[in-house]
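Inspection log for the structure reproduced underneath, given as structure tokens.
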Amino acid sequence: MKEVYLDNSATTRPLPEVVEYMTEVLTENYGNPSSLHNKGLAAERIMKRARKAIARKLGVNPGEVYFTSGGTESNNLAIKGVASTYKNRGRHLITSKVEHASVIDTFTALEEEGYEVTYLNTDKKGLISLDELANAIRPETTLVSLIHVNNELGSINPVEKIGPLIKNINRNTFFHVDGVQSFGKILLKPADWQIDLLTISAHKIHGPKGIGALYLKKGIELKPLLHGGGQEKGLRSGTENLPGIAGFIPAVESLPDFTSTSPRYEKLDRLRDYFLNRLKETLPETVINSPEEGAPHIISLSFPGLKGEILVHSLEGEGIYVSTRSACHSRNDQKSHVLKAINLPPEYIDGTIRISLSRFNKEEEIDYTIAKLAEQIKLFF
Amino acid sequence: MNKIYLDHAATTPVAPEVFKAMEPYLTQFYGNPSSIYSIAQKAAMAVSEAREKVAALIGADDEREIIFTSGGTEADNLAIKGAAMALQNKGKHIITSKIEHHAVLHTCEYLEKYLGFDITYLDVDDEGFVSPESVAEAIREDTILVTIMMANNEIGTIEPIKEIGEIVEKHDIYFHTDAVQAVGQIPVDVNELKVDLLSLSAHKFNGPKGVGALYIRKGTRIVPQISGGAQERKRRAGTENVPGIVGLGKAAEIAGEKLESKAEEVSRLRDKLIQGIEEKINEVVLNGPRGKDRLPNNVNFCFRYVEGESILLNLDMLGIAASSGSACTSGSLDPSHVLLAIGRPHETAHGSLRLTLGLDNTEEDIDYLLEVLPGIIQKLRDMSPLYEG
């Protein structure tokens, strides 16, 4: 049977070069990077290369890149780290209603510890209002944390404008961006955009699971989440996940270099346009939740009256893998909090599926998907 | 040049079977285990099989008591902070020892410094043993947690965890053990030891780096330290490191099968190494106990008048990888907290050499080391102003 994987926001297939490099590191017995002997030094060199590759792609210094076990840990470290390190300055934090579970749940945990959190509303596209944000910032606000590309909708928050806006109102407020879905898909320049902390994850860019990074602007003090041997300059203890870090390198190096004149992954944009055009021709009634100017890889669709989950399974029967929503939701989050926040009616929410593309998808896979989708929809109506 | 790896307490090579088990989850079954379709479910099933294997290795009754983490450090942090947060209304006193791994010590220090917890750091004797009586004496009404390592990473002392477990069990207190160095080397049974929480790490027993586990006895309350998705029964959020977890499962399976033969073989090499060093080099002191209370793979000596780091560099030039103290602190110039705790004077604590064995070491490796080490020590002593020959 044909297999078409269209759930690249959940995770991606590691590149052959990634697997190859990880295989080398896993089988050739590299030492512990903290050891003094030769094997330890070889391991340390891999760490350096990886830090440099990520730094180059983001336009930051290698010393500002810290490895973690993934996007969730980076988000936790950034948010809990700023909140606890600067609690004497203030205990007010700002985020939005459409964040990833690892951000929302972290803020909920902080509320239980006595912090006050403002959850910004979003418009129908899933974007926050800059005015509402500006009004929410107070002298005691220590952190604004926002998602760059929404993982369920693909909406792009204008973080390049938000950084300067925050700093103009309160230069002591730190700005954290969850860049898990945007890194490698669109332009992301934390240093130019006055972003203080940025989360990225390897397995969303055809790298391995179990490894992520946090960009932390030089000079910002942050309390660690994990205490121990003092690795990662004391910010993240624990023996480094060397195969994971090695696997990060080819994944990052394979990404395009975006510029202000070419800020988007054009190949993905073409695939997305192709998908949307074919969809409009074949199933003109489909509700498209993703904004037109959204990220090049995420397409949220609603078929009111249908159950998204059933559609996911029917498509799976045809070898097509899509999802209803974020893979990482909290169990108590019965209906997507993102779709609720954009005021999508309940029957639309229930009938939502998410298609997320990778640069390796082909037009014929999209043709096949649209054809099977149309068959399934006809069966239901 | 010979390549001899004698730093297995820092990290171990990944077993070929372990890598083979991981590979399909890198190339083929790469789905996110939280997704609902079949290729992702294959990943979810592999995670649950690995959970069963880890549970079997440590004698857990139910595989749901195993929570996967990014490694031993995270498991220790989750156990200690998680229990401290869950029980802080009951009391804020924690008992640990002076020779724990930094993942435990620094976590306790954090709780002490920032969150108002009161920590008792128990002394150890000159072989590194925590006495169960000292645990009993330290327990107070507000004690909520006892955390004592199962085996010391520097000097190999195997602590009387079962005896301590019997004491702690009489009280309404959680008992955690950092078993990172013990699992895969000596038998570990959570029920026999009477522990509520136990940390382990894959890369210490021929599994991959970046994955570990925390055993959480059913009914034990833990506040999660990484918030987010509903993975790991809401106790540890984040997309599962599926290949890593599968590797841990396979390593656990192999460790269980080889436990006895490995311990026997490795401890024979250990004793040969200890005996050889004591015969060939004078003014040496073995750190830690001898015999069955010492980890089968651990050798740790202090050589008077020489710095541990100089020995390391000389060994490294001959292709021998070893360590002074634990890898996590080998960049630091502070003397080992473990050696200070067993009463070694400051200057001696600087001169320690740790040799930790694994299944890939042979008789010839030991012979070669015993052939070159006396010369290295003599050369360094001749250069030392303190040494008078």
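Following the order of the structure tokens, first chain is A, next is B, and so on, with residues numbered from 1 inside each chain and ligands from 1 in the order they appear.
For chain B, the residues no farther than 6 Å from chain A when using only C-alpha atoms are B:Thr11, B:Pro13, B:Tyr30, B:Asn32, B:Ser34, B:Ser35, B:Thr73, B:His102, B:Ala103, B:His106, B:Thr107, B:Lys209, B:Gly210, B:Ser227, B:Gly228, B:Gly229, B:Ala230, B:Gly238, B:Asn241, B:Asp316, B:Ala321, B:Ala327, B:Cys328.
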Those in segment 34-149 of chain A with strand (DSSP E) from DSSP, as a PDB file with N, CA and C atoms, in the first residue's frame:
ATOM      1  N   VAL A  65      23.697  28.826  22.753  1.00  0.00           N
ATOM      2  CA  VAL A  65      22.860  27.657  22.442  1.00  0.00           C
ATOM      3  C   VAL A  65      23.080  26.581  23.508  1.00  0.00           C
ATOM      4  N   TYR A  66      22.010  26.124  24.119  1.00  0.00           N
ATOM      5  CA  TYR A  66      22.068  25.111  25.174  1.00  0.00           C
ATOM      6  C   TYR A  66      21.213  23.915  24.764  1.00  0.00           C
ATOM      7  N   PHE A  67      21.746  22.716  24.972  1.00  0.00           N
ATOM      8  CA  PHE A  67      20.981  21.530  24.589  1.00  0.00           C
ATOM      9  C   PHE A  67      20.080  21.043  25.729  1.00  0.00           C
ATOM     10  N   THR A  68      18.905  20.579  25.330  1.00  0.00           N
ATOM     11  CA  THR A  68      17.942  20.016  26.290  1.00  0.00           C
ATOM     12  C   THR A  68      17.426  18.703  25.705  1.00  0.00           C
ATOM     13  N   HIS A  92       4.330  38.701  37.558  1.00  0.00           N
ATOM     14  CA  HIS A  92       3.315  38.729  36.498  1.00  0.00           C
ATOM     15  C   HIS A  92       3.920  38.259  35.181  1.00  0.00           C
ATOM     16  N   LEU A  93       3.202  37.341  34.529  1.00  0.00           N
ATOM     17  CA  LEU A  93       3.691  36.728  33.293  1.00  0.00           C
ATOM     18  C   LEU A  93       2.592  36.806  32.241  1.00  0.00           C
ATOM     19  N   ILE A  94       3.017  36.874  30.977  1.00  0.00           N
ATOM     20  CA  ILE A  94       2.022  36.982  29.893  1.00  0.00           C
ATOM     21  C   ILE A  94       2.257  35.877  28.867  1.00  0.00           C
ATOM     22  N   THR A  95       1.162  35.265  28.432  1.00  0.00           N
ATOM     23  CA  THR A  95       1.232  34.313  27.323  1.00  0.00           C
ATOM     24  C   THR A  95      -0.080  34.419  26.540  1.00  0.00           C
ATOM     25  N   SER A  96      -0.360  33.453  25.667  1.00  0.00           N
ATOM     26  CA  SER A  96      -1.619  33.534  24.927  1.00  0.00           C
ATOM     27  C   SER A  96      -2.437  32.270  25.127  1.00  0.00           C
ATOM     28  N   GLU A 116       0.941  35.358  38.740  1.00  0.00           N
ATOM     29  CA  GLU A 116      -0.257  35.796  38.033  1.00  0.00           C
ATOM     30  C   GLU A 116       0.029  35.741  36.534  1.00  0.00           C
ATOM     31  N   VAL A 117      -0.874  35.115  35.794  1.00  0.00           N
ATOM     32  CA  VAL A 117      -0.639  34.936  34.363  1.00  0.00           C
ATOM     33  C   VAL A 117      -1.769  35.582  33.560  1.00  0.00           C
ATOM     34  N   THR A 118      -1.411  36.401  32.581  1.00  0.00           N
ATOM     35  CA  THR A 118      -2.389  36.947  31.642  1.00  0.00           C
ATOM     36  C   THR A 118      -2.353  36.096  30.378  1.00  0.00           C
ATOM     37  N   TYR A 119      -3.500  35.551  30.000  1.00  0.00           N
ATOM     38  CA  TYR A 119      -3.595  34.764  28.774  1.00  0.00           C
ATOM     39  C   TYR A 119      -4.233  35.627  27.698  1.00  0.00           C
ATOM     40  N   LEU A 120      -3.443  36.044  26.725  1.00  0.00           N
ATOM     41  CA  LEU A 120      -3.959  36.935  25.690  1.00  0.00           C
ATOM     42  C   LEU A 120      -4.949  36.200  24.782  1.00  0.00           C
ATOM     43  N   THR A 141       5.859  42.847  35.163  1.00  0.00           N
ATOM     44  CA  THR A 141       5.831  41.731  34.209  1.00  0.00           C
ATOM     45  C   THR A 141       7.264  41.305  33.903  1.00  0.00           C
ATOM     46  N   THR A 142       7.587  40.047  34.207  1.00  0.00           N
ATOM     47  CA  THR A 142       8.961  39.597  33.956  1.00  0.00           C
ATOM     48  C   THR A 142       9.090  38.831  32.642  1.00  0.00           C
ATOM     49  N   LEU A 143       7.969  38.321  32.120  1.00  0.00           N
ATOM     50  CA  LEU A 143       8.083  37.465  30.937  1.00  0.00           C
ATOM     51  C   LEU A 143       6.859  37.552  30.034  1.00  0.00           C
ATOM     52  N   VAL A 144       7.128  37.613  28.723  1.00  0.00           N
ATOM     53  CA  VAL A 144       6.092  37.365  27.717  1.00  0.00           C
ATOM     54  C   VAL A 144       6.558  36.133  26.948  1.00  0.00           C
ATOM     55  N   SER A 145       5.708  35.119  26.862  1.00  0.00           N
ATOM     56  CA  SER A 145       6.061  33.917  26.119  1.00  0.00           C
ATOM     57  C   SER A 145       5.007  33.666  25.056  1.00  0.00           C
ATOM     58  N   LEU A 146       5.444  33.639  23.797  1.00  0.00           N
ATOM     59  CA  LEU A 146       4.486  33.449  22.701  1.00  0.00           C
ATOM     60  C   LEU A 146       4.987  32.431  21.699  1.00  0.00           C
ATOM     61  N   ILE A 147       4.030  31.752  21.095  1.00  0.00           N
ATOM     62  CA  ILE A 147       4.350  30.792  20.048  1.00  0.00           C
ATOM     63  C   ILE A 147       4.577  31.575  18.752  1.00  0.00           C
TER      64      ILE A 147
END
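Taking atom CA of Leu248 of chain B and atom CA of Gln231 of chain B as the two end points, the separation is 17.5 Å.
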Next item on the list: Compile the contact shell of Ala78 of chain A as a PyMOL selection string: residues with an atom at most 9 Å away, counting only C-alpha atoms, same-chain residues fewer than 6 positions apart removed.
Entry: chain A and resi 145+176+197-199+214+216+222
Resulting file, chosen residues, N, CA, C and O atoms, as a PDB file, in the first residue's frame:
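The resulting file, selection.pdb, is shown below:
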ATOM      1  N   SER A 145       5.708  35.119  26.862  1.00  0.00           N
ATOM      2  CA  SER A 145       6.061  33.917  26.119  1.00  0.00           C
ATOM      3  C   SER A 145       5.007  33.666  25.056  1.00  0.00           C
ATOM      4  O   SER A 145       3.824  33.522  25.360  1.00  0.00           O
ATOM      5  N   HIS A 176      10.224  35.322  25.493  1.00  0.00           N
ATOM      6  CA  HIS A 176      10.492  33.941  25.074  1.00  0.00           C
ATOM      7  C   HIS A 176       9.600  33.575  23.902  1.00  0.00           C
ATOM      8  O   HIS A 176       8.405  33.887  23.908  1.00  0.00           O
ATOM      9  N   LEU A 197      14.857  34.475  24.707  1.00  0.00           N
ATOM     10  CA  LEU A 197      14.927  33.014  24.818  1.00  0.00           C
ATOM     11  C   LEU A 197      14.099  32.401  23.696  1.00  0.00           C
ATOM     12  O   LEU A 197      13.021  32.906  23.380  1.00  0.00           O
ATOM     13  N   LEU A 198      14.621  31.334  23.111  1.00  0.00           N
ATOM     14  CA  LEU A 198      13.940  30.713  21.980  1.00  0.00           C
ATOM     15  C   LEU A 198      14.066  29.196  22.078  1.00  0.00           C
ATOM     16  O   LEU A 198      15.149  28.667  22.299  1.00  0.00           O
ATOM     17  N   THR A 199      12.923  28.523  21.888  1.00  0.00           N
ATOM     18  CA  THR A 199      12.890  27.059  21.944  1.00  0.00           C
ATOM     19  C   THR A 199      12.887  26.468  20.548  1.00  0.00           C
ATOM     20  O   THR A 199      12.113  26.915  19.695  1.00  0.00           O
ATOM     21  N   LEU A 214      17.773  25.420  23.580  1.00  0.00           N
ATOM     22  CA  LEU A 214      17.266  26.717  24.008  1.00  0.00           C
ATOM     23  C   LEU A 214      18.314  27.759  23.655  1.00  0.00           C
ATOM     24  O   LEU A 214      19.489  27.607  24.000  1.00  0.00           O
ATOM     25  N   LEU A 216      19.594  31.214  24.619  1.00  0.00           N
ATOM     26  CA  LEU A 216      19.484  32.134  25.756  1.00  0.00           C
ATOM     27  C   LEU A 216      20.478  33.254  25.509  1.00  0.00           C
ATOM     28  O   LEU A 216      21.689  33.030  25.437  1.00  0.00           O
ATOM     29  N   LEU A 222      19.827  32.578  34.389  1.00  0.00           N
ATOM     30  CA  LEU A 222      18.633  31.733  34.427  1.00  0.00           C
ATOM     31  C   LEU A 222      18.878  30.577  35.380  1.00  0.00           C
ATOM     32  O   LEU A 222      19.909  29.919  35.321  1.00  0.00           O
TER      33      LEU A 222
END
Checklist line | Surrounding residues of Gly163 of chain A excluding itself and chain neighbours under 3 positions, 7 Å, only C-alpha atoms, as a PyMOL selection string | finding: chain A and resi 159-160+166-167+175+193-195
Check: Do you know which residues are at most 7 Å from segment 345-353 of chain B counting only C-alpha atoms, after dropping those on the same chain fewer than 2 positions away, and could you put them as a list of chain:residue names?
Finding: B:Asn300, B:Phe301, B:Cys302, B:Phe303, B:Arg304, B:Val306, B:Glu307, B:Gly308, B:Ser323, B:Ser324, B:Pro335, B:Ser336, B:Leu339, B:Leu340, B:Gly343, B:Leu355
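Atom CA of Gly319 of chain B is positioned 6.1 Å from atom CA of Ile4 of chain B.
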Check: Per DSSP on the backbone, what are the helix (DSSP H, G or I) residues of segment 167-357 of chain B, as an MDAnalysis selection string?
Finding: chainID B and resid 167:169 190:193 202:204 232:234 242:280 291:293 308:317 327:329 337:341 346:349
Next item on the list: Can you pull out every residue within 10 Å of Thr282 of chain A, counting only C-alpha atoms, but drop anything in the same chain fewer than 4 positions away, and send it as a PyMOL selection string?
Entry: chain A and resi 276-278+286+370-371+373-374
Note to self: So that I can check the surroundings of Gly247 of chain B, please list as a list in words every protein, DNA and RNA residue that reaches within 10 Å of it, counting only C-alpha atoms and ignoring chain neighbours fewer than 2 positions away.
What the structure shows: Val14, Ala15, Glu17, Val18, Phe19, Lys20, Ala21, Met22, Glu23, Tyr25, Val47, Ala50, Ala202, His203, Asn206, Gly207, Pro208, Lys209, Val211, Asn241, Val242, Pro243, Gly244, Ile245, Gly249, Lys250, Ala251, Ala252 and Glu253 of chain B
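The closest residue to Val98 of chain A, picked from A:Glu113, A:Ala53, A:Lys340, A:Leu268 and counting only C-alpha atoms, is A:Lys340.
The smallest atom-to-atom distance between Val168 of chain B and any of B:Glu240, B:Asp123, B:Glu264, B:Glu137, using only C-alpha atoms, is found for B:Glu137.
Nearest residue to Pro160 of chain B among B:Ile58, B:Val130, B:Leu145, B:Ile274 is B:Val130, counting only C-alpha atoms.
One distance worth recording is that between atom CA of Ala46 of chain B and atom CA of Lys204 of chain B, which is 21.3 Å.
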